[in-house]
Number of protein chains: 4
Amino acid sequence: MTSTLPEAVQGQLASQEIEVPSWAYGNSGTRFKVFSTPGTPRTVQEKIADAAQVHLHTGLAPRVALHIPWDTVDDYSALRTYAEDLGVGLGTINSNTFQDDAYKFGSLTHTDAAIRQKAIDHHLGCIEVMDRTGSRDLKIWLADGTNYPGQGDIRSRQDRLADSLAAIYAQLGPDQRLVLEYKFFEPAFYHTDVPDWGTSYAQTLALGPKASVCLDTGHHAPGTNIEFIVAQLLRLGKLGSFDFNSRFYADDDLIVGAADPFQLFRIMYEVVRGGGLDAATGVVFMLDQCHNIEEKIPGQIRSVLNVQEMTARALLVDRTALLAAQESGDVLGANAIMMDAFYTDVRPALATWRESRGLPAEPLAAYRDSGHQEKINAARLGGTQSSWGA
Amino acid sequence: MTSTLPEAVQGQLASQEIEVPSWAYGNSGTRFKVFSTPGTPRTVQEKIADAAQVHLHTGLAPRVALHIPWDTVDDYSALRTYAEDLGVGLGTINSNTFQDDAYKFGSLTHTDAAIRQKAIDHHLGCIEVMDRTGSRDLKIWLADGTNYPGQGDIRSRQDRLADSLAAIYAQLGPDQRLVLEYKFFEPAFYHTDVPDWGTSYAQTLALGPKASVCLDTGHHAPGTNIEFIVAQLLRLGKLGSFDFNSRFYADDDLIVGAADPFQLFRIMYEVVRGGGLDAATGVVFMLDQCHNIEEKIPGQIRSVLNVQEMTARALLVDRTALLAAQESGDVLGANAIMMDAFYTDVRPALATWRESRGLPAEPLAAYRDSGHQEKINAARLGGTQSSWGA
Amino acid sequence: MTSTLPEAVQGQLASQEIEVPSWAYGNSGTRFKVFSTPGTPRTVQEKIADAAQVHLHTGLAPRVALHIPWDTVDDYSALRTYAEDLGVGLGTINSNTFQDDAYKFGSLTHTDAAIRQKAIDHHLGCIEVMDRTGSRDLKIWLADGTNYPGQGDIRSRQDRLADSLAAIYAQLGPDQRLVLEYKFFEPAFYHTDVPDWGTSYAQTLALGPKASVCLDTGHHAPGTNIEFIVAQLLRLGKLGSFDFNSRFYADDDLIVGAADPFQLFRIMYEVVRGGGLDAATGVVFMLDQCHNIEEKIPGQIRSVLNVQEMTARALLVDRTALLAAQESGDVLGANAIMMDAFYTDVRPALATWRESRGLPAEPLAAYRDSGHQEKINAARLGGTQSSWGA
Amino acid sequence: MTSTLPEAVQGQLASQEIEVPSWAYGNSGTRFKVFSTPGTPRTVQEKIADAAQVHLHTGLAPRVALHIPWDTVDDYSALRTYAEDLGVGLGTINSNTFQDDAYKFGSLTHTDAAIRQKAIDHHLGCIEVMDRTGSRDLKIWLADGTNYPGQGDIRSRQDRLADSLAAIYAQLGPDQRLVLEYKFFEPAFYHTDVPDWGTSYAQTLALGPKASVCLDTGHHAPGTNIEFIVAQLLRLGKLGSFDFNSRFYADDDLIVGAADPFQLFRIMYEVVRGGGLDAATGVVFMLDQCHNIEEKIPGQIRSVLNVQEMTARALLVDRTALLAAQESGDVLGANAIMMDAFYTDVRPALATWRESRGLPAEPLAAYRDSGHQEKINAARLGGTQSSWGA
């Protein structure tokens, strides 16, 4: 246990920001069942109000990412003001080209030029939203892929993807960015058009400096060393953002750090090691999770705290001693330095530090005591609870 | 190529029966999107009518499995007559304890005795349905499990499962059976209460001789040697039934044989080897698939043909020569005997044989020429297309 | 952090025993290269002397498992006395039917009765060794399997395995046991004759009460929930022993707890939950690791400490509160109770407690200060360093 | 079945060349055991003589790849002449930086500049060998990696790798190439320095046009869509070569096409689709396998025939019809076109065509009839059989 965190660690933690996704506050589930919970938001405004609770109690989540069209409104400037009044900003804009019937066989990769244009136009619309929300990043996760060998032509789909992305990239403002997310599989079950970091890297390299890779921690093949990819993308200057969550099997979208806390530690260590906590590097940290059965706002609070706690542990690694052990071939010694940081219980020191900054020592308890949940449970009756609408 | 199939092979193929699931004719999809298709059934009667088309053109699918409550009707005797008039019977009854809000944290394993009883009662109701439909098998696939370590007590859930299953088993008629399906993961993402064949075996062994294991070919960890499990369960006398489909990643529910035809061949070889084609063994062959993006009736026709073609190849293995090669340690020779059967193009001989039995040489072409699809596309307007209703 | 461990926890920890394998002190490696280290034992006596160091500094490793024929000696009684003089006993006897040319295509499963008998006789010889060493357990890990489909007949191999095991089982003394280890793959690359817990369970169930399952934590398919298997086998009364190690990919045989400490915690929790720490349950805890590149004795010390630390954390779980949270459907609350125990830094309290029992607070430092390594580095010159001899 | 292959297919097949690796003729195995076989070569000359048999009977394997230092000789010009006299040439030179004690913690990535230079010098020596053998390609497969988190610094290892590769690249002659192989894991079990195609692509992109990627079909995470990578690398102009083999689990190094023939078909289809059979594309096809338990020369003959047969099937795909089906969204139709080619039994037509070119219709039978095996079994007594020497 460390009763106090070193000054340098405090400084790094003080500037940590984790975007929360609007859709985490709505219902989600599996193809078998979507369970609902009391108090679930019916509107984007209610989602933002819930997200603001996460920031209020943790100081960690100053921005809410939106998903278009799930969060479509007439007046984005008003929405921005609404959010800011609640103490949060609007963050990354996430596009959606997987729920329109037109996209059954692809969107940006479709063989039909008209459907590709429709998908491109959707992204141009997202950029217009960004102009009004003040968002910097356009995040593109494509569901494009095929279910059966032969169904599509892998090669030409990749070429069409490049063309479509170029058309979108061309419309980015000078301070806007495009981040391209990759995913191993699902909803496509044979081939996915952006299945791995190599593809996302090759495509964004071709686009230019305003394009980079989004790494979702649940989007890899079993056994993949994710922290290696973090280190590599930081080295190549192409790590744009994280979608945090955790998994035991596939893209389970569990709470970040829940399935393999040591993996989260190793990821955060490579972030620290590669300078990814420095604002100049431009890495955005974001959650992308599904609280299928657990409470949503507490689930989000737990998540940002998990990231904070692991960041603190990663920052505690004695890098000077580590380098010395590495250079001397001391395998057990080097590993022990990592493990010592991981096994350090940073929670008491973080609680103290939180209080020193005017935040609750125990954010989850503070949220429960706040009465917000009871309030929304009582108030949000009628209407249609937000969900993915699949 | 073999222009004619050996008599013995013809005999085995002539008695092959593959159950088709009613829900394969309705819409299915992923958590991201369920696409619809023209002509999709709105009622269980329409599903059965579609299933009858598969049997009509292939002679392979004489029974339709039902899913309760998706296929609930007031009069099951009438439904049986309806099916028989179309040339098919009603098969396995599949229970559902994953879509009622009560089952959010479990059904047969739930900590709450009232919810367990509700789930038990659902199965007793299914047995009553079986009494009226003449179905022999009650298939139990449980979605029970947890998403986070600690959420449930693995051990006591297993004990409660045993108790609940015993209560259901006790109500089986003398000629009825219970088959317990296992699944690696989904919709639970940390632990699943019946995750592997070992668990299904241990639970059904405790129940007695009328209980056995259902093996779904998509429900295993990556790399699992499924044909080994087939051989083992046949050896132990506990292979009750198959749910056929195929996968590249998780439980993709693609057309059987589509992802790894050689695996299907190896599975069918072990079925043949272990006597699983003999009616006395009691192994039921059934499809369980999701035609998310492809046409449904043709998808089902393709599926039963894939099983038939692979069964033919498996039957062509020269087992005498194979045994000799195995006993002499001739690795390449033994493997070559297997591969020779696999690479044999049985399609022309099967087409000829089909015609000799009054069936179309090319079932898919025959279906397309039949006009059924155009007819249902035109007729089935309005109403709500059947789906999982997740 | 807990500065002191609760009395009950101390009591459980005080009786914890972890067997160490003689072969961990010899060289090991991959098919690409076996690196050697200074001071590596040349004889079984030197291996035992090294193992005794682990017990001396930790109090956790009172027995050394032997591998026959790697550890064959003329006089096992003398070896036993030698070990006891060093403060340790002789433990599990591990058989080897994978390095004789005769076993190229199998041992207990071979088609040739003479080779099967040779393999059976080897195990009968191991039982004779056990009679003299006082070992209770005969551990059978079979490399038997095939590399190509068709190479062997899966079904009859399983039958022959049952017969061979029965012949061995019949020779066990009244207080002796047979534990059958399963392994997903390697060295066989198509099918393995004992690939999963289900097979080991079915085979040992057929043998009788003196036979049970050995669970090696590195022998599962990717994603397998190992703690579920622990809970299930304890429930079925068939968990005989553990082979501890850890892995990122295949059977990596890394230091237990190194790859996924949270998994080790969950495994130890199910051990505690299922009564597996009670001597009456008969579960043996053992290491089976390969220190390919790290120092061997420190690697073993690190390993037994990892098991002890995780056992302490598992014992700290507030099971009353956990049960209440589980029964109330409080997903986040239940998970938080588990995580609170996992994140508790038990190391300081364990150090204090160790000292109170006359053991070094920091066993690794004590070992380094002891001069043993320098002594063996200087003394063990010439001869042939022990290894697997592959 | 096709009784004759179309002219265009014959033309493409006629120019197909598959390099065979010298080490496939020596013994190989696992960390548990290396079995030997009669007639195993003791020298590089004997390996080449065996390789020449593969070409003699198949016409498919005109070059033998060498491994330095396993195949080190004093006079490479003489070795070249020796090979040419047997009807084969010398192909790719494979370096080895994994068996010298100096490389325990890395080679081209090592923290110690002297060890990096030693590894660089080894590669410069390989280039000198290439100058004399007339080999075009230097293949680098690195075993570099770590077994425990913290053991090495992932980021700086990547930087040092780039520097080391640049030093080697600078010494390539104008017609020489460097191909960088990636591998998911083994022998390193935590992180590998070149674990995926993305890393190999990024590193070879930085080097320049004479550097490209080597794709070993056994070096991927479970479930990876390898044909996607083939299509992508061809698109990016960076597919240098293949190392063919097959696997069920890890890097099993089984006979190509043995584990998943349909996957090999899909890979060969993407090769055809992307122009990879055209000499101008520069893709080298090579085997890299371990005949642990099967006969080696027949194993190699089986392997090159497998590649040829799958290439023939891939060439039979009706690409015009396929494109039409893809563009019309006909999922089942498009898939059926692929499957039709896959299920076509090309073996009789290939046998006929072989004979028309003066080759044996049945190469394996011809080899067995040739007496070569009996000759080498009798002649190669004494000496030390070649192996990896791990």
# chains A, B, ... in the order shown; residues from 1 in each chain; ligands from 1
call {"tool": "interface_residues", "arguments": {"of": "chain B", "to": "chain D", "cutoff": "7 Å", "atoms": "only C-alpha atoms", "output": "VMD selection string"}}
result
chain B and resid 1 222 to 223 248 to 249 260 262 294 331 to 332 343 to 345
call {"tool": "write_last_selection", "arguments": {"atoms": "C-alpha atoms", "output": "CSV table (one decimal), in the first residue's frame"}}
result
chain,number,residue,atom,x,y,z
B,1,MET,CA,-15.6,-39.0,-58.5
B,222,PRO,CA,-11.2,-22.5,-30.3
B,223,GLY,CA,-9.3,-25.5,-31.5
B,248,PHE,CA,-15.1,-19.4,-37.8
B,249,TYR,CA,-15.0,-17.6,-34.5
B,260,ASP,CA,-14.8,-26.1,-42.2
B,262,PHE,CA,-13.2,-31.1,-43.5
B,294,GLU,CA,-28.8,-15.4,-46.8
B,331,VAL,CA,0.8,-42.3,-40.9
B,332,LEU,CA,0.8,-40.9,-44.4
B,343,TYR,CA,-11.7,-35.4,-51.8
B,344,THR,CA,-14.1,-37.7,-53.7
B,345,ASP,CA,-16.7,-35.7,-55.4
call {"tool": "residues_around", "arguments": {"residues": "Ala167 of chain C", "least_positions_apart": "3", "cutoff": "10 Å", "atoms": "only C-alpha atoms", "output": "list in words"}}
result
Gln117, Ile120, Asp121, His123, Leu124, Leu161, Ala162, Asp163, Ser164, Ala170, Gln171, Leu172 and Leu207 of chain C
call {"tool": "residues_around", "arguments": {"residues": "Pro209 of chain D", "least_positions_apart": "6", "cutoff": "12 Å", "atoms": "only C-alpha atoms", "output": "list in words"}}
result
Tyr169, Ala170, Leu172, Pro174, Asp175, Gln176, Arg177, Leu178, Val179, Tyr201, Gln203, Leu236, Gly237, Lys238, Leu239, Gly240 and Gly282 of chain D
call {"tool": "write_last_selection", "arguments": {"atoms": "N, CA, C and O atoms", "output": "compact mmCIF listing (two decimals), in the first residue's frame"}}
result
# COMPACT_ATOMS: atom_id res chain seq x y z
N TYR D 169 19.80 -4.60 -44.33
CA TYR D 169 19.19 -4.20 -45.60
C TYR D 169 20.21 -3.47 -46.48
O TYR D 169 20.24 -3.64 -47.71
N ALA D 170 21.01 -2.66 -45.82
CA ALA D 170 21.99 -1.85 -46.57
C ALA D 170 22.99 -2.70 -47.34
O ALA D 170 23.59 -2.24 -48.31
N LEU D 172 22.26 -5.59 -48.88
CA LEU D 172 21.64 -6.43 -49.91
C LEU D 172 22.11 -5.99 -51.29
O LEU D 172 22.24 -4.79 -51.56
N PRO D 174 21.70 -5.62 -55.47
CA PRO D 174 20.59 -5.00 -56.22
C PRO D 174 19.46 -5.98 -56.52
O PRO D 174 18.30 -5.57 -56.60
N ASP D 175 19.75 -7.25 -56.64
CA ASP D 175 18.69 -8.22 -56.95
C ASP D 175 18.34 -9.10 -55.76
O ASP D 175 17.67 -10.11 -55.91
N GLN D 176 18.84 -8.72 -54.61
CA GLN D 176 18.54 -9.50 -53.42
C GLN D 176 17.41 -8.86 -52.63
O GLN D 176 17.17 -7.66 -52.73
N ARG D 177 16.75 -9.70 -51.85
CA ARG D 177 15.61 -9.21 -51.05
C ARG D 177 15.73 -9.71 -49.61
O ARG D 177 16.37 -10.72 -49.33
N LEU D 178 15.05 -9.03 -48.74
CA LEU D 178 14.94 -9.46 -47.35
C LEU D 178 13.46 -9.71 -47.10
O LEU D 178 12.62 -8.84 -47.40
N VAL D 179 13.13 -10.89 -46.57
CA VAL D 179 11.74 -11.12 -46.17
C VAL D 179 11.71 -11.36 -44.66
O VAL D 179 12.50 -12.13 -44.12
N TYR D 201 4.99 -5.60 -41.66
CA TYR D 201 4.70 -4.61 -42.70
C TYR D 201 5.33 -3.26 -42.35
O TYR D 201 6.01 -2.64 -43.18
N GLN D 203 7.79 -2.58 -40.35
CA GLN D 203 9.25 -2.64 -40.36
C GLN D 203 9.79 -2.70 -41.80
O GLN D 203 10.78 -2.03 -42.12
N LEU D 236 -0.90 -4.29 -50.88
CA LEU D 236 0.09 -3.31 -50.45
C LEU D 236 1.46 -3.54 -51.11
O LEU D 236 2.40 -2.80 -50.87
N GLY D 237 1.54 -4.59 -51.94
CA GLY D 237 2.81 -4.87 -52.62
C GLY D 237 3.90 -5.37 -51.69
O GLY D 237 5.09 -5.19 -51.94
N LYS D 238 3.51 -6.02 -50.60
CA LYS D 238 4.50 -6.42 -49.61
C LYS D 238 4.45 -7.91 -49.26
O LYS D 238 4.96 -8.30 -48.21
N LEU D 239 3.84 -8.71 -50.09
CA LEU D 239 3.87 -10.15 -49.83
C LEU D 239 5.10 -10.74 -50.50
O LEU D 239 5.13 -10.92 -51.71
N GLY D 240 6.11 -11.03 -49.70
CA GLY D 240 7.36 -11.55 -50.26
C GLY D 240 7.33 -13.05 -50.46
O GLY D 240 7.74 -13.55 -51.50
N GLY D 282 6.53 -11.54 -57.57
CA GLY D 282 7.67 -11.88 -56.72
C GLY D 282 7.36 -12.69 -55.49
O GLY D 282 8.17 -12.76 -54.57
call {"tool": "residues_around", "arguments": {"residues": "Asp71 of chain B", "least_positions_apart": "6", "cutoff": "10 Å", "atoms": "only C-alpha atoms", "output": "mmCIF file with N, CA, C and O atoms, in the first residue's frame"}}
result
data_model
loop_
_atom_site.group_PDB
_atom_site.id
_atom_site.type_symbol
_atom_site.label_atom_id
_atom_site.label_comp_id
_atom_site.auth_asym_id
_atom_site.auth_seq_id
_atom_site.Cartn_x
_atom_site.Cartn_y
_atom_site.Cartn_z
ATOM 1 N N SER B 22 -37.728 -24.807 -36.534
ATOM 2 C CA SER B 22 -38.732 -23.839 -37.003
ATOM 3 C C SER B 22 -38.154 -22.431 -37.086
ATOM 4 O O SER B 22 -38.475 -21.668 -37.989
ATOM 5 N N TRP B 23 -37.290 -22.090 -36.131
ATOM 6 C CA TRP B 23 -36.798 -20.707 -36.051
ATOM 7 C C TRP B 23 -35.820 -20.340 -37.163
ATOM 8 O O TRP B 23 -35.542 -19.160 -37.362
ATOM 9 N N THR B 43 -46.129 -16.964 -38.714
ATOM 10 C CA THR B 43 -46.726 -17.920 -37.778
ATOM 11 C C THR B 43 -45.949 -19.237 -37.809
ATOM 12 O O THR B 43 -45.170 -19.493 -38.731
ATOM 13 N N VAL B 44 -46.215 -20.052 -36.799
ATOM 14 C CA VAL B 44 -45.561 -21.363 -36.774
ATOM 15 C C VAL B 44 -46.031 -22.209 -37.963
ATOM 16 O O VAL B 44 -45.256 -22.996 -38.511
ATOM 17 N N GLN B 45 -47.278 -22.003 -38.376
ATOM 18 C CA GLN B 45 -47.763 -22.758 -39.532
ATOM 19 C C GLN B 45 -46.945 -22.406 -40.780
ATOM 20 O O GLN B 45 -46.590 -23.291 -41.575
ATOM 21 N N LYS B 47 -43.922 -21.308 -40.816
ATOM 22 C CA LYS B 47 -42.581 -21.891 -40.655
ATOM 23 C C LYS B 47 -42.600 -23.360 -41.076
ATOM 24 O O LYS B 47 -41.691 -23.838 -41.770
ATOM 25 N N ALA B 65 -38.377 -29.187 -35.647
ATOM 26 C CA ALA B 65 -38.256 -28.945 -34.212
ATOM 27 C C ALA B 65 -38.973 -27.655 -33.852
ATOM 28 O O ALA B 65 -38.949 -26.692 -34.624
ATOM 29 N N ILE B 93 -38.691 -30.708 -28.944
ATOM 30 C CA ILE B 93 -39.219 -29.496 -28.323
ATOM 31 C C ILE B 93 -38.075 -28.797 -27.583
ATOM 32 O O ILE B 93 -37.422 -29.393 -26.732
ATOM 33 N N ASN B 94 -37.863 -27.539 -27.950
ATOM 34 C CA ASN B 94 -36.788 -26.746 -27.363
ATOM 35 C C ASN B 94 -37.374 -25.754 -26.365
ATOM 36 O O ASN B 94 -38.258 -24.967 -26.720
ATOM 37 N N SER B 386 -41.696 -13.517 -38.050
ATOM 38 C CA SER B 386 -41.179 -14.266 -36.912
ATOM 39 C C SER B 386 -39.704 -13.968 -36.715
ATOM 40 O O SER B 386 -38.951 -13.785 -37.673
#
call {"tool": "atom_distance", "arguments": {"atom1": "atom CA of Gly29 of chain A", "atom2": "atom CA of Gly29 of chain B"}}
result
13.0 Å
call {"tool": "select_by_dssp", "arguments": {"residues": "segment 18-199 of chain C", "states": "strand (DSSP E or B)", "output": "VMD selection string"}}
result
chain C and resid 18 to 21 27 29 34 63 to 67 89 to 94 137 to 141 145 to 146 177 to 181 191 to 192
call {"tool": "write_last_selection", "arguments": {"atoms": "N, CA and C atoms", "output": "mmCIF file, in the first residue's frame"}}
result
data_model
loop_
_atom_site.group_PDB
_atom_site.id
_atom_site.type_symbol
_atom_site.label_atom_id
_atom_site.label_comp_id
_atom_site.auth_asym_id
_atom_site.auth_seq_id
_atom_site.Cartn_x
_atom_site.Cartn_y
_atom_site.Cartn_z
ATOM 1 N N ILE C 18 2.884 -27.281 -0.970
ATOM 2 C CA ILE C 18 2.969 -27.271 -2.438
ATOM 3 C C ILE C 18 4.144 -28.134 -2.861
ATOM 4 N N GLU C 19 3.856 -29.197 -3.559
ATOM 5 C CA GLU C 19 4.944 -30.059 -4.038
ATOM 6 C C GLU C 19 5.722 -29.360 -5.136
ATOM 7 N N VAL C 20 7.026 -29.584 -5.149
ATOM 8 C CA VAL C 20 7.830 -29.046 -6.252
ATOM 9 C C VAL C 20 8.357 -30.213 -7.081
ATOM 10 N N PRO C 21 8.481 -30.002 -8.371
ATOM 11 C CA PRO C 21 8.899 -31.093 -9.262
ATOM 12 C C PRO C 21 10.423 -31.114 -9.405
ATOM 13 N N ASN C 27 17.519 -28.234 -16.616
ATOM 14 C CA ASN C 27 17.293 -27.368 -17.770
ATOM 15 C C ASN C 27 16.048 -27.784 -18.535
ATOM 16 N N GLY C 29 13.458 -26.211 -22.063
ATOM 17 C CA GLY C 29 13.448 -25.222 -23.134
ATOM 18 C C GLY C 29 12.367 -25.542 -24.128
ATOM 19 N N VAL C 34 17.462 -25.315 -25.795
ATOM 20 C CA VAL C 34 17.468 -25.462 -24.339
ATOM 21 C C VAL C 34 18.691 -24.703 -23.826
ATOM 22 N N ARG C 63 7.661 -31.394 -0.058
ATOM 23 C CA ARG C 63 7.844 -32.627 -0.837
ATOM 24 C C ARG C 63 8.332 -32.344 -2.246
ATOM 25 N N VAL C 64 9.097 -33.293 -2.762
ATOM 26 C CA VAL C 64 9.621 -33.194 -4.121
ATOM 27 C C VAL C 64 9.034 -34.329 -4.954
ATOM 28 N N ALA C 65 8.397 -33.963 -6.047
ATOM 29 C CA ALA C 65 7.865 -34.977 -6.956
ATOM 30 C C ALA C 65 8.990 -35.509 -7.829
ATOM 31 N N LEU C 66 8.932 -36.805 -8.112
ATOM 32 C CA LEU C 66 9.959 -37.412 -8.965
ATOM 33 C C LEU C 66 9.379 -37.823 -10.317
ATOM 34 N N HIS C 67 10.276 -37.914 -11.277
ATOM 35 C CA HIS C 67 9.889 -38.303 -12.631
ATOM 36 C C HIS C 67 10.716 -39.528 -13.005
ATOM 37 N N GLY C 89 10.350 -34.430 1.897
ATOM 38 C CA GLY C 89 9.960 -35.804 1.586
ATOM 39 C C GLY C 89 9.871 -35.998 0.082
ATOM 40 N N LEU C 90 9.621 -37.215 -0.312
ATOM 41 C CA LEU C 90 9.415 -37.497 -1.740
ATOM 42 C C LEU C 90 7.911 -37.577 -2.008
ATOM 43 N N GLY C 91 7.504 -36.982 -3.083
ATOM 44 C CA GLY C 91 6.063 -36.867 -3.343
ATOM 45 C C GLY C 91 5.603 -37.725 -4.509
ATOM 46 N N THR C 92 4.762 -37.108 -5.311
ATOM 47 C CA THR C 92 4.142 -37.782 -6.446
ATOM 48 C C THR C 92 5.182 -38.392 -7.389
ATOM 49 N N ILE C 93 4.882 -39.604 -7.848
ATOM 50 C CA ILE C 93 5.729 -40.236 -8.864
ATOM 51 C C ILE C 93 5.081 -40.007 -10.230
ATOM 52 N N ASN C 94 5.848 -39.406 -11.130
ATOM 53 C CA ASN C 94 5.369 -39.102 -12.477
ATOM 54 C C ASN C 94 5.952 -40.097 -13.470
ATOM 55 N N ASP C 137 0.846 -40.793 -4.567
ATOM 56 C CA ASP C 137 0.209 -40.600 -5.871
ATOM 57 C C ASP C 137 1.076 -41.010 -7.060
ATOM 58 N N LEU C 138 0.419 -41.690 -7.971
ATOM 59 C CA LEU C 138 1.005 -41.988 -9.276
ATOM 60 C C LEU C 138 0.330 -41.052 -10.272
ATOM 61 N N LYS C 139 1.108 -40.186 -10.857
ATOM 62 C CA LYS C 139 0.511 -39.254 -11.824
ATOM 63 C C LYS C 139 0.821 -39.705 -13.235
ATOM 64 N N ILE C 140 -0.252 -39.814 -14.022
ATOM 65 C CA ILE C 140 -0.101 -40.241 -15.408
ATOM 66 C C ILE C 140 -0.465 -39.097 -16.334
ATOM 67 N N TRP C 141 0.538 -38.575 -16.997
ATOM 68 C CA TRP C 141 0.270 -37.677 -18.115
ATOM 69 C C TRP C 141 0.699 -38.419 -19.368
ATOM 70 N N GLY C 145 -1.439 -39.642 -28.706
ATOM 71 C CA GLY C 145 -2.311 -38.903 -29.605
ATOM 72 C C GLY C 145 -1.834 -39.100 -31.032
ATOM 73 N N THR C 146 -2.411 -38.352 -31.939
ATOM 74 C CA THR C 146 -2.021 -38.478 -33.343
ATOM 75 C C THR C 146 -1.857 -37.087 -33.954
ATOM 76 N N ARG C 177 -2.917 -43.739 -4.838
ATOM 77 C CA ARG C 177 -3.900 -43.190 -5.773
ATOM 78 C C ARG C 177 -3.301 -43.041 -7.168
ATOM 79 N N LEU C 178 -4.157 -42.969 -8.115
ATOM 80 C CA LEU C 178 -3.752 -42.696 -9.498
ATOM 81 C C LEU C 178 -4.423 -41.388 -9.890
ATOM 82 N N VAL C 179 -3.648 -40.428 -10.391
ATOM 83 C CA VAL C 179 -4.265 -39.196 -10.907
ATOM 84 C C VAL C 179 -3.962 -39.101 -12.400
ATOM 85 N N LEU C 180 -5.002 -38.874 -13.159
ATOM 86 C CA LEU C 180 -4.883 -38.860 -14.623
ATOM 87 C C LEU C 180 -4.969 -37.423 -15.123
ATOM 88 N N GLU C 181 -3.901 -36.986 -15.725
ATOM 89 C CA GLU C 181 -3.806 -35.603 -16.194
ATOM 90 C C GLU C 181 -4.351 -35.496 -17.609
ATOM 91 N N HIS C 191 -5.111 -35.095 -32.505
ATOM 92 C CA HIS C 191 -5.965 -35.510 -31.385
ATOM 93 C C HIS C 191 -5.072 -36.001 -30.250
ATOM 94 N N THR C 192 -5.548 -35.774 -29.050
ATOM 95 C CA THR C 192 -4.857 -36.234 -27.849
ATOM 96 C C THR C 192 -5.807 -37.179 -27.133
#
call {"tool": "closest_residue", "arguments": {"among": "B:Gly87, B:Gly371, B:Pro187, B:Gly276", "to": "Asp252 of chain A", "atoms": "only C-alpha atoms"}}
result
B:Pro187
call {"tool": "select_by_dssp", "arguments": {"residues": "segment 125-245 of chain D", "states": "alpha helix (DSSP H)", "output": "PyMOL selection string"}}
result
chain D and resi 125-133+154-169+197-207+226-236
call {"tool": "residues_around", "arguments": {"residues": "Glu84 of chain B", "least_positions_apart": "4", "cutoff": "10 Å", "atoms": "only C-alpha atoms", "output": "list in words"}}
result
Ile48, Ala52, Pro62, Arg63, Ala78, Leu79, Arg80, Val88, Gly89 and Leu90 of chain B
call {"tool": "write_last_selection", "arguments": {"atoms": "N, CA and C atoms", "output": "compact mmCIF listing (two decimals), in the first residue's frame"}}
result
# COMPACT_ATOMS: atom_id res chain seq x y z
N ILE B 48 -43.61 -24.07 -40.63
CA ILE B 48 -43.70 -25.49 -40.97
C ILE B 48 -43.90 -25.68 -42.47
N ALA B 52 -41.40 -27.79 -44.76
CA ALA B 52 -41.88 -28.89 -45.60
C ALA B 52 -41.26 -28.83 -46.99
N PRO B 62 -37.57 -34.85 -42.45
CA PRO B 62 -38.96 -35.24 -42.19
C PRO B 62 -39.57 -34.66 -40.92
N ARG B 63 -38.81 -33.94 -40.15
CA ARG B 63 -39.36 -33.40 -38.90
C ARG B 63 -38.92 -31.97 -38.66
N ALA B 78 -53.77 -30.26 -33.55
CA ALA B 78 -54.08 -29.67 -34.85
C ALA B 78 -52.80 -29.29 -35.60
N LEU B 79 -51.84 -28.79 -34.86
CA LEU B 79 -50.58 -28.41 -35.49
C LEU B 79 -49.88 -29.65 -36.06
N ARG B 80 -49.96 -30.71 -35.31
CA ARG B 80 -49.36 -31.97 -35.76
C ARG B 80 -50.02 -32.44 -37.06
N VAL B 88 -44.56 -33.62 -43.16
CA VAL B 88 -43.52 -33.63 -42.13
C VAL B 88 -44.12 -33.86 -40.75
N GLY B 89 -43.29 -34.25 -39.81
CA GLY B 89 -43.74 -34.43 -38.44
C GLY B 89 -43.16 -33.34 -37.54
N LEU B 90 -43.57 -33.37 -36.30
CA LEU B 90 -43.02 -32.43 -35.33
C LEU B 90 -41.94 -33.14 -34.52
